[in-house]
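Peer 1: If it helps, the file is called target_19.cif and holds mmCIF, C-alpha atoms and all ligand atoms:
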```
data_model
#
loop_
_atom_site.label_atom_id
_atom_site.label_comp_id
_atom_site.auth_asym_id
_atom_site.auth_seq_id
_atom_site.Cartn_x
_atom_site.Cartn_y
_atom_site.Cartn_z
CA MET A 1 0.00 0.00 0.00
CA ARG A 2 1.28 3.48 -0.88
CA ASN A 3 1.87 5.77 2.07
CA LYS A 4 -0.59 8.63 2.33
CA ILE A 5 0.93 12.01 2.95
CA LEU A 6 -0.61 15.28 4.07
CA VAL A 7 1.14 18.50 3.02
CA THR A 8 -0.29 21.56 4.76
CA GLY A 9 0.44 24.98 3.30
CA ALA A 10 0.17 23.22 -0.08
CA GLY A 11 -1.23 26.41 -1.59
CA GLY A 12 1.97 28.26 -0.62
CA PHE A 13 5.56 28.30 -1.82
CA ILE A 14 7.41 25.40 -0.10
CA GLY A 15 4.29 23.26 0.38
CA HIS A 16 3.48 23.40 -3.34
CA HIS A 17 7.03 22.33 -4.25
CA MET A 18 6.84 19.54 -1.63
CA VAL A 19 3.63 18.18 -3.19
CA LYS A 20 5.32 18.09 -6.62
CA PHE A 21 8.36 16.30 -5.18
CA LEU A 22 6.26 13.67 -3.36
CA LYS A 23 4.08 13.04 -6.40
CA LYS A 24 7.21 12.38 -8.47
CA LYS A 25 8.07 9.75 -5.84
CA ASP A 26 4.62 8.26 -6.39
CA PHE A 27 3.13 8.87 -2.93
CA TRP A 28 -0.57 9.53 -2.50
CA VAL A 29 -0.73 13.19 -1.44
CA ARG A 30 -3.42 15.33 0.15
CA GLY A 31 -2.75 19.06 -0.02
CA VAL A 32 -4.43 21.39 2.46
CA ASP A 33 -4.41 25.18 2.59
CA ILE A 34 -6.70 28.09 3.25
CA LYS A 35 -6.22 28.98 -0.42
CA ARG A 36 -5.35 27.23 -3.67
CA PRO A 37 -1.88 27.60 -5.22
CA GLU A 38 -1.58 30.96 -6.92
CA PHE A 39 0.79 30.21 -9.78
CA GLU A 40 0.26 26.59 -10.83
CA HIS A 41 -2.31 23.83 -10.45
CA SER A 42 -1.54 21.48 -7.53
CA SER A 43 -0.49 17.96 -8.46
CA ALA A 44 -1.92 16.61 -5.17
CA ASP A 45 -4.31 13.65 -5.46
CA GLU A 46 -6.74 15.58 -3.30
CA PHE A 47 -6.72 19.27 -2.34
CA LEU A 48 -8.84 20.50 0.57
CA VAL A 49 -9.34 24.20 1.19
CA LEU A 50 -9.51 24.30 4.98
CA ASP A 51 -8.76 26.83 7.70
CA LEU A 52 -6.38 24.91 9.98
CA ARG A 53 -6.95 27.33 12.86
CA GLU A 54 -10.08 25.20 13.42
CA LYS A 55 -9.47 21.95 15.32
CA ASN A 56 -12.16 20.03 13.41
CA ASN A 57 -10.47 20.96 10.14
CA ALA A 58 -7.12 19.72 11.43
CA ILE A 59 -8.77 16.41 12.35
CA LEU A 60 -10.36 16.18 8.89
CA ALA A 61 -7.05 17.03 7.19
CA THR A 62 -5.12 14.27 9.00
CA LYS A 63 -7.76 11.52 8.64
CA GLY A 64 -6.40 8.38 6.93
CA ILE A 65 -2.91 9.90 6.65
CA ASP A 66 0.47 8.25 7.46
CA TYR A 67 2.86 11.23 7.37
CA VAL A 68 2.31 14.96 7.89
CA TYR A 69 4.50 17.68 6.37
CA ASN A 70 3.32 20.90 8.02
CA PHE A 71 4.17 24.07 6.10
CA ALA A 72 1.00 26.03 6.88
CA ALA A 73 1.74 29.36 8.53
CA ASN A 74 0.68 32.97 8.50
CA MET A 75 4.01 34.51 7.54
CA GLY A 76 5.91 36.79 5.19
CA GLY A 77 9.14 38.70 4.71
CA ILE A 78 10.80 41.08 7.15
CA ALA A 79 8.29 43.92 6.62
CA PHE A 80 5.42 41.59 7.47
CA ILE A 81 6.89 39.90 10.53
CA GLU A 82 8.13 43.19 11.98
CA THR A 83 4.67 44.75 11.63
CA VAL A 84 2.22 41.96 12.39
CA HIS A 85 2.63 40.36 15.81
CA ALA A 86 -0.48 39.04 17.57
CA GLU A 87 -2.00 37.70 14.36
CA ILE A 88 1.12 35.68 13.52
CA MET A 89 1.36 34.24 17.04
CA ARG A 90 -2.36 33.49 17.34
CA ASP A 91 -2.80 31.90 13.92
CA ASN A 92 0.34 29.80 13.96
CA VAL A 93 -0.08 28.56 17.53
CA LEU A 94 -3.62 27.48 16.63
CA ILE A 95 -2.58 25.79 13.36
CA ASN A 96 0.36 23.92 14.87
CA THR A 97 -1.31 22.91 18.14
CA HIS A 98 -4.43 21.61 16.39
CA LEU A 99 -2.35 19.73 13.81
CA LEU A 100 -0.21 18.03 16.47
CA GLU A 101 -3.26 17.03 18.49
CA ALA A 102 -5.09 15.85 15.35
CA SER A 103 -2.01 13.82 14.36
CA LEU A 104 -2.14 12.08 17.72
CA ILE A 105 -5.88 11.41 17.41
CA ASN A 106 -5.47 10.04 13.86
CA LYS A 107 -2.37 7.98 14.76
CA ILE A 108 0.02 9.68 12.34
CA LYS A 109 3.39 7.88 11.99
CA LYS A 110 5.54 11.02 11.68
CA PHE A 111 5.01 14.78 11.80
CA PHE A 112 7.29 17.38 10.20
CA PHE A 113 7.35 20.99 11.41
CA ALA A 114 8.91 23.86 9.41
CA SER A 115 10.70 26.05 11.95
CA SER A 116 12.88 29.01 11.10
CA ALA A 117 16.30 30.61 11.63
CA CYS A 118 14.22 33.42 13.19
CA ILE A 119 14.29 31.43 16.46
CA TYR A 120 17.99 32.30 16.98
CA PRO A 121 18.75 35.00 19.56
CA ARG A 122 19.38 38.54 18.41
CA TYR A 123 22.52 38.80 20.60
CA LYS A 124 24.21 36.22 18.32
CA GLN A 125 23.36 38.14 15.14
CA GLN A 126 24.71 41.63 15.67
CA ASP A 127 27.63 41.52 13.19
CA GLU A 128 27.49 41.24 9.45
CA ASP A 129 30.39 38.76 9.27
CA ILE A 130 28.72 36.40 11.74
CA SER A 131 29.87 32.78 12.01
CA GLY A 132 27.16 30.21 11.31
CA LEU A 133 24.48 29.62 13.92
CA ARG A 134 24.68 26.20 15.53
CA GLU A 135 21.54 24.43 16.69
CA TYR A 136 22.47 24.82 20.39
CA ASP A 137 22.84 28.61 19.92
CA ALA A 138 19.04 28.83 20.23
CA TYR A 139 19.31 29.12 24.04
CA PRO A 140 19.22 31.31 26.12
CA ALA A 141 16.35 32.33 23.87
CA ASP A 142 15.89 35.86 22.56
CA PRO A 143 14.39 35.73 19.06
CA ASP A 144 14.33 38.99 17.13
CA ASN A 145 10.57 38.91 16.49
CA GLU A 146 7.31 37.27 17.60
CA TYR A 147 7.31 34.94 14.59
CA GLY A 148 10.55 33.47 15.99
CA TRP A 149 9.04 33.08 19.48
CA GLU A 150 6.07 31.20 18.03
CA LYS A 151 8.39 28.90 16.06
CA LEU A 152 10.43 28.22 19.19
CA PHE A 153 7.27 27.41 21.14
CA THR A 154 6.14 24.94 18.47
CA GLU A 155 9.59 23.33 18.30
CA ARG A 156 9.18 22.61 22.02
CA LEU A 157 5.61 21.44 21.55
CA CYS A 158 6.82 18.93 18.92
CA LEU A 159 9.53 17.62 21.25
CA ASN A 160 7.05 17.24 24.09
CA TYR A 161 4.42 15.50 21.94
CA TRP A 162 7.09 12.91 21.36
CA LYS A 163 8.27 12.75 25.00
CA ASP A 164 4.81 12.60 26.56
CA PHE A 165 2.67 10.95 23.85
CA GLY A 166 5.19 9.15 21.63
CA LEU A 167 4.30 11.12 18.46
CA GLU A 168 7.34 11.02 16.17
CA THR A 169 8.20 14.60 15.23
CA ARG A 170 10.91 16.11 13.00
CA VAL A 171 11.85 19.78 13.01
CA ALA A 172 13.97 21.79 10.57
CA ARG A 173 15.05 25.43 10.93
CA PHE A 174 14.91 26.91 7.44
CA HIS A 175 17.29 29.71 6.49
CA ASN A 176 15.79 32.00 3.78
CA VAL A 177 14.30 29.61 1.26
CA TYR A 178 13.84 31.10 -2.22
CA GLY A 179 12.90 30.02 -5.73
CA PRO A 180 10.21 30.25 -8.40
CA LEU A 181 6.48 29.98 -7.54
CA GLY A 182 6.84 31.99 -4.32
CA THR A 183 5.29 35.30 -3.29
CA TRP A 184 7.08 38.10 -5.16
CA GLN A 185 4.91 41.15 -4.51
CA GLY A 186 2.26 42.51 -2.15
CA GLY A 187 4.27 42.94 1.07
CA ARG A 188 4.79 39.29 2.16
CA GLU A 189 7.68 38.60 -0.25
CA LYS A 190 11.23 38.02 1.01
CA SER A 191 14.43 39.77 -0.04
CA PRO A 192 15.48 37.58 -3.05
CA ALA A 193 12.01 37.86 -4.65
CA ALA A 194 11.67 41.57 -3.82
CA LEU A 195 15.09 42.35 -5.31
CA CYS A 196 14.41 40.25 -8.42
CA ARG A 197 11.15 42.18 -8.94
CA LYS A 198 12.80 45.57 -8.43
CA ILE A 199 15.61 44.76 -10.83
CA ALA A 200 13.23 43.28 -13.41
CA LEU A 201 11.23 46.52 -13.28
CA ALA A 202 14.29 48.81 -13.44
CA LYS A 203 15.86 50.01 -16.69
CA ASP A 204 19.50 49.24 -17.48
CA GLY A 205 21.40 52.00 -15.61
CA GLY A 206 18.35 52.61 -13.40
CA GLU A 207 18.04 52.78 -9.62
CA ILE A 208 16.34 50.57 -7.03
CA GLU A 209 15.54 51.21 -3.40
CA VAL A 210 17.47 49.04 -0.92
CA TRP A 211 16.29 48.53 2.65
CA GLY A 212 19.09 49.46 5.05
CA ASP A 213 22.70 50.05 3.97
CA GLY A 214 22.90 46.78 2.04
CA ASN A 215 25.71 45.44 4.23
CA GLN A 216 23.40 43.24 6.31
CA THR A 217 24.10 39.56 5.58
CA ARG A 218 22.11 36.36 5.14
CA SER A 219 22.43 32.91 3.57
CA TYR A 220 19.92 31.66 0.98
CA CYS A 221 18.73 28.13 0.32
CA TYR A 222 17.18 27.16 -3.01
CA VAL A 223 13.77 25.51 -2.60
CA ASP A 224 14.79 22.19 -4.23
CA ASP A 225 17.58 21.81 -1.66
CA CYS A 226 15.16 22.60 1.17
CA ILE A 227 12.70 19.94 -0.03
CA GLU A 228 15.41 17.33 -0.38
CA GLY A 229 16.71 18.07 3.12
CA VAL A 230 13.23 17.79 4.64
CA TYR A 231 12.60 14.48 2.89
CA LYS A 232 15.91 13.05 4.10
CA LEU A 233 15.27 14.29 7.64
CA MET A 234 11.90 12.51 7.73
CA SER A 235 13.59 9.16 7.14
CA LEU A 236 16.02 9.54 10.07
CA ASP A 237 15.84 9.18 13.84
CA ILE A 238 16.48 12.86 14.66
CA ARG A 239 13.99 14.49 16.99
CA LYS A 240 15.91 17.66 17.80
CA PRO A 241 15.70 20.69 15.50
CA ILE A 242 18.26 20.90 12.74
CA ASN A 243 19.31 23.73 10.38
CA ILE A 244 18.39 23.43 6.72
CA GLY A 245 20.13 26.26 4.94
CA SER A 246 23.13 27.28 2.93
CA ASP A 247 26.28 28.36 4.80
CA ARG A 248 27.34 30.80 2.09
CA LEU A 249 27.07 34.24 3.67
CA VAL A 250 26.25 37.13 1.32
CA SER A 251 25.31 40.76 1.89
CA ILE A 252 22.22 42.32 0.33
CA ASN A 253 24.60 44.39 -1.84
CA GLU A 254 26.21 41.17 -3.11
CA LEU A 255 22.79 39.67 -3.75
CA ILE A 256 21.90 42.73 -5.85
CA GLU A 257 25.14 42.38 -7.83
CA ILE A 258 24.40 38.72 -8.60
CA ILE A 259 20.82 39.45 -9.70
CA SER A 260 21.89 42.48 -11.78
CA LYS A 261 24.38 40.31 -13.62
CA ILE A 262 21.70 37.68 -14.32
CA ALA A 263 19.40 40.45 -15.60
CA GLY A 264 22.23 41.94 -17.69
CA LYS A 265 21.64 45.38 -16.13
CA THR A 266 23.73 47.97 -14.34
CA ILE A 267 21.77 48.97 -11.24
CA LYS A 268 22.27 51.93 -8.89
CA LYS A 269 21.27 51.56 -5.26
CA ARG A 270 19.38 54.09 -3.17
CA TYR A 271 19.57 53.12 0.49
CA ASP A 272 16.61 53.70 2.82
CA LEU A 273 17.80 53.33 6.40
CA THR A 274 14.28 53.76 7.79
CA LYS A 275 13.03 50.46 6.32
CA PRO A 276 13.03 47.18 8.32
CA GLN A 277 16.20 45.13 8.04
CA GLY A 278 15.99 42.42 10.69
CA VAL A 279 19.15 41.21 12.38
CA ARG A 280 22.53 42.48 11.13
CA GLY A 281 23.91 39.10 10.08
CA ARG A 282 22.65 35.51 9.91
CA ASN A 283 24.24 32.35 8.59
CA SER A 284 23.66 28.62 8.96
CA ASN A 285 26.22 26.30 10.53
CA ASN A 286 25.85 22.98 8.72
CA ASP A 287 28.16 20.75 10.77
CA LEU A 288 25.29 18.82 12.35
CA LEU A 289 23.41 18.62 9.06
CA ARG A 290 26.46 17.19 7.29
CA TYR A 291 27.10 14.76 10.13
CA LEU A 292 23.53 13.48 10.53
CA LEU A 293 22.19 13.66 6.97
CA ASP A 294 25.50 13.19 5.17
CA TRP A 295 24.25 15.97 2.92
CA GLU A 296 23.93 19.74 2.67
CA PRO A 297 22.34 22.19 0.22
CA GLY A 298 24.42 22.30 -2.95
CA ILE A 299 22.57 24.42 -5.51
CA LEU A 300 24.63 27.50 -6.34
CA LEU A 301 23.08 30.83 -5.39
CA GLU A 302 23.79 32.12 -8.93
CA GLU A 303 21.88 29.18 -10.42
CA GLY A 304 18.92 29.40 -8.01
CA LEU A 305 18.63 33.16 -8.50
CA LYS A 306 18.68 32.69 -12.27
CA GLN A 307 15.62 30.41 -12.01
CA THR A 308 13.92 32.83 -9.63
CA TYR A 309 14.70 36.01 -11.58
CA PHE A 310 13.49 34.72 -14.93
CA TRP A 311 10.32 33.32 -13.39
CA ILE A 312 9.51 36.70 -11.74
CA GLU A 313 10.37 38.52 -14.97
CA SER A 314 7.94 36.25 -16.82
CA GLN A 315 5.23 37.00 -14.24
CA ILE A 316 5.72 40.71 -14.88
CA GLU A 317 5.69 40.19 -18.65
CA GLU A 318 2.41 38.30 -18.28
CA GLY A 319 0.93 41.41 -16.66
CA LYS A 320 0.70 39.99 -13.13
CA LEU A 321 2.20 43.04 -11.37
CA ILE A 322 -0.41 44.34 -8.94
CA LYS A 323 0.67 47.93 -8.35
CA PRO A 324 3.54 49.16 -10.44
CA THR A 325 5.42 51.97 -8.73
CA ALA A 326 8.24 54.11 -10.08
CA ASN A 327 10.88 51.82 -8.57
CA GLY A 328 8.83 48.73 -7.97
CA GLU A 329 9.09 49.57 -4.29
CA ASP A 330 7.56 47.32 -1.67
CA LYS A 331 4.22 48.23 -0.20
CA LEU A 332 3.32 46.33 2.95
CA LYS A 333 -0.27 45.25 3.11
CA GLY A 334 -1.78 45.63 6.56
CA SER A 335 -2.66 42.47 8.39
CA GLY A 336 -6.34 43.30 8.47
CA SER A 337 -6.79 42.91 4.73
CA SER A 338 -5.46 39.38 4.46
CA GLU A 339 -7.58 36.27 4.00
CA GLN A 340 -5.84 34.82 7.03
CA SER A 341 -6.90 37.58 9.39
CA ARG A 342 -10.61 36.97 8.99
CA PRO A 343 -12.38 35.77 12.16
CA VAL A 344 -11.10 32.38 13.20
CA ARG A 345 -14.39 31.03 14.47
CA GLY A 346 -17.46 30.66 12.31
CA LYS A 347 -17.75 29.44 8.78
CA LYS A 348 -15.75 26.44 7.68
CA MET A 349 -14.51 26.14 4.13
CA MET A 350 -13.93 22.96 2.22
CA HIS A 351 -13.61 22.24 -1.47
CA VAL A 352 -12.24 19.13 -3.07
CA LEU A 353 -10.54 19.48 -6.46
P1 LIG B 1 3.90 30.56 2.30
O1 LIG B 1 3.28 31.76 2.91
O2 LIG B 1 4.12 30.58 0.82
O3 LIG B 1 3.07 29.25 2.64
C1 LIG B 1 2.35 29.11 3.84
C2 LIG B 1 0.95 28.66 3.47
O4 LIG B 1 0.21 28.46 4.68
C3 LIG B 1 0.17 29.68 2.63
O5 LIG B 1 -0.22 29.12 1.39
C4 LIG B 1 -1.01 30.02 3.50
O6 LIG B 1 -2.21 30.25 2.78
C5 LIG B 1 -1.14 28.79 4.38
N1 LIG B 1 -1.91 29.10 5.56
C6 LIG B 1 -1.84 30.21 6.34
N2 LIG B 1 -2.79 30.20 7.28
C7 LIG B 1 -3.48 29.04 7.10
C8 LIG B 1 -4.59 28.47 7.75
N3 LIG B 1 -5.20 29.09 8.79
N4 LIG B 1 -5.06 27.28 7.34
C9 LIG B 1 -4.47 26.65 6.28
N5 LIG B 1 -3.41 27.15 5.61
C10 LIG B 1 -2.94 28.34 6.02
O7 LIG B 1 5.27 30.32 3.08
P2 LIG B 1 6.49 29.34 2.74
O8 LIG B 1 7.63 30.20 2.40
O9 LIG B 1 6.05 28.29 1.81
O10 LIG B 1 6.77 28.72 4.17
C11 LIG B 1 6.35 27.41 4.54
C12 LIG B 1 6.75 27.12 5.98
O11 LIG B 1 8.17 27.27 6.11
C13 LIG B 1 6.14 28.09 6.99
O12 LIG B 1 5.89 27.41 8.19
C14 LIG B 1 7.24 29.10 7.23
O13 LIG B 1 7.14 29.73 8.47
C15 LIG B 1 8.47 28.19 7.14
N6 LIG B 1 9.70 28.95 6.80
C16 LIG B 1 9.84 29.47 5.56
C17 LIG B 1 11.00 30.17 5.26
C18 LIG B 1 11.23 30.76 3.89
O14 LIG B 1 12.29 31.35 3.68
N7 LIG B 1 10.32 30.64 2.95
C19 LIG B 1 11.99 30.34 6.23
C20 LIG B 1 11.79 29.81 7.50
C21 LIG B 1 10.64 29.09 7.77
#
```
Could you express the structure from this file as structure tokens?

Peer 2:
Amino acid sequence: MRNKILVTGAGGFIGHHMVKFLKKKDFWVRGVDIKRPEFEHSSADEFLVLDLREKNNAILATKGIDYVYNFAANMGGIAFIETVHAEIMRDNVLINTHLLEASLINKIKKFFFASSACIYPRYKQQDEDISGLREYDAYPADPDNEYGWEKLFTERLCLNYWKDFGLETRVARFHNVYGPLGTWQGGREKSPAALCRKIALAKDGGEIEVWGDGNQTRSYCYVDDCIEGVYKLMSLDIRKPINIGSDRLVSINELIEIISKIAGKTIKKRYDLTKPQGVRGRNSNNDLLRYLLDWEPGILLEEGLKQTYFWIESQIEEGKLIKPTANGEDKLKGSGSSEQSRPVRGKKMMHVL
């Protein structure tokens, strides 16, 4: 019998890629999300549109399932997570708690949770040439934002569902996952997508706005690497959180140079120091990943950005840009306007494709 897999957040970026990956491996897959995928039809065998903040929906989603890959979350890029606090904590605590409990009720064999590098303490991320964050650096805890606190809470919830109830859980801390078919406009997009959009909209020799002084650093993991790492992690006996990220540290200025080269454009930068920037530097230490998985992300940033840039450029060429501005500048949408911020209680939604 084929294993039955639930992918939550299957209407979003990583979840959609995960469904495609699992279908290629010939699993039976149920996708669940509060919305359908925006850019491509889902290849899931069954797709349920459900609000996972409702416990009954979490129970329905996990019924008859062997393995759960949980990517559902109310989240976005730095502008979103530095502006929206209670909504992120409330929605994600509800989604994750209900899904863990439902997994126990429905006797799920293994549960994956997508945590984040945002759980790492701000006092370890104050320099741009930071050394990679090791898993044990998470404590004493002091995440930079509420999104990180919620992820840390759910990491602990996963561990304790295993300790107290025997539910097998796996947790990965993603470091800036990017690639095609992800949000690239509207205020929830992350830096690689936002910069690709700005550069695609700029003329050769033109100028783009950069948040901060551009010297802040990050590492970026291509989505195919992330998916492969998650899949490998699920097959192993590792219950403690583990980094899944690249350990190649680049500054935002370097990222812009790489994308400009891909676009074949010379780009001037106009720095806006009033815009949100997050921590000064963040990188992944992959020692544990290499040791336990005998693997680490290998797709070159230049190659991944090429895929991402040309996909975003094609979206623009197809007329998908919502609000063109002079520089293609970001415009953060307030939390109140999002689908996810509608009242939690009340109507349930369910459609089967
Ligand atoms: P995404 O926003 O594209 O996908 C999340 C999906 O969850 C969305 O499609 C959204 O509609 C869905 N969702 C939100 N609220 C829901 C609800 N109440 N019920 C059902 N579905 C709901 O984000 P992503 O980049 O694909 O991230 C996937 C997971 O990985 C998230 O848990 C995120 O926190 C984590 N993560 C991502 C990154 C990254 O760089 N992309 C980094 C660290 C952690």

Peer 1: Identify which of the residues A:Gln315, A:Gln277, A:Asn74, A:Asn243 lies closest to ligand LIG 1 (chain B), counting only C-alpha atoms and all ligand atoms when measuring atom-to-atom distances.

Peer 2: A:Asn74

Peer 1: What do you get as JSON, numbers by chain if you pick all residues at most 8 Å from ligand LIG 1 (chain B), counting only C-alpha atoms and all ligand atoms?

Peer 2: {"A": [8, 9, 10, 11, 12, 13, 14, 15, 16, 32, 33, 34, 35, 36, 37, 49, 50, 51, 52, 53, 54, 70, 71, 72, 73, 74, 75, 76, 91, 92, 95, 113, 114, 115, 116, 117, 118, 151, 173, 174, 175, 176, 177, 178, 182, 183, 188, 190, 221, 340]}

Peer 1: Go ahead and find all residues with at least one atom no further than 12 Å from (22.6, 30.9, -8.3) in the file's coordinates, using all atoms listed in the file; report them as a list in words.

Peer 2: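 Here is the list of nearby residues: Tyr178, Gly179, Pro192, Tyr220, Cys221, Tyr222, Val223, Ser246, Arg248, Leu255, Glu257, Ile258, Ile259, Lys261, Ile262, Gly298, Ile299, Leu300, Leu301, Glu302, Glu303, Gly304, Leu305, Lys306, Gln307, Thr308, Tyr309 and Phe310 of chain A.
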
Peer 1: Which neighbours of Val250 in chain A fall inside 9 Å, counting all atoms listed in the file, when residues of the same chain fewer than 5 positions from it are skipped, and could you give them as a list of chain:residue names?

Peer 2: A:Asn215, A:Gln216, A:Thr217, A:Arg218, A:Ser219, A:Tyr220, A:Leu255, A:Asn283

Peer 1: When you count all atoms listed in the file, which of these residues is closest to Val171 in chain A: A:Ala102, A:Ile238, A:Ile5, A:Val210?

Peer 2: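 That would be A:Ile238, the residue with the smallest distance to Val171 in chain A.
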
Peer 1: Kindly output range 247-262 of chain A as a short mmCIF file (atom, residue, chain, number, x, y, z; two decimals), in the frame of the given file, after building N, CA and C atoms.

Peer 2:
```cif
data_model
loop_
_atom_site.label_atom_id
_atom_site.label_comp_id
_atom_site.auth_asym_id
_atom_site.auth_seq_id
_atom_site.Cartn_x
_atom_site.Cartn_y
_atom_site.Cartn_z
N ASP A 247 25.36 27.64 3.90
CA ASP A 247 26.28 28.36 4.80
C ASP A 247 27.14 29.36 4.02
N ARG A 248 26.65 29.76 2.84
CA ARG A 248 27.34 30.80 2.09
C ARG A 248 26.75 32.17 2.47
N LEU A 249 27.54 32.95 3.17
CA LEU A 249 27.07 34.24 3.67
C LEU A 249 27.22 35.30 2.57
N VAL A 250 26.15 36.02 2.28
CA VAL A 250 26.25 37.13 1.32
C VAL A 250 25.53 38.36 1.87
N SER A 251 26.01 39.54 1.47
CA SER A 251 25.31 40.76 1.89
C SER A 251 24.21 41.05 0.88
N ILE A 252 23.29 41.91 1.26
CA ILE A 252 22.22 42.32 0.33
C ILE A 252 22.85 42.99 -0.90
N ASN A 253 23.92 43.77 -0.68
CA ASN A 253 24.60 44.39 -1.84
C ASN A 253 25.13 43.33 -2.80
N GLU A 254 25.70 42.25 -2.25
CA GLU A 254 26.21 41.17 -3.11
C GLU A 254 25.06 40.48 -3.86
N LEU A 255 23.96 40.30 -3.12
CA LEU A 255 22.79 39.67 -3.75
C LEU A 255 22.33 40.51 -4.95
N ILE A 256 22.31 41.82 -4.76
CA ILE A 256 21.90 42.73 -5.85
C ILE A 256 22.86 42.61 -7.04
N GLU A 257 24.16 42.51 -6.74
CA GLU A 257 25.14 42.38 -7.83
C GLU A 257 24.89 41.10 -8.63
N ILE A 258 24.63 40.01 -7.91
CA ILE A 258 24.40 38.72 -8.60
C ILE A 258 23.15 38.81 -9.49
N ILE A 259 22.08 39.38 -8.93
CA ILE A 259 20.82 39.45 -9.70
C ILE A 259 20.98 40.40 -10.90
N SER A 260 21.68 41.51 -10.68
CA SER A 260 21.89 42.48 -11.78
C SER A 260 22.63 41.82 -12.93
N LYS A 261 23.61 41.01 -12.59
CA LYS A 261 24.38 40.31 -13.62
C LYS A 261 23.48 39.34 -14.40
N ILE A 262 22.64 38.61 -13.66
CA ILE A 262 21.70 37.68 -14.32
C ILE A 262 20.78 38.46 -15.27
#
```
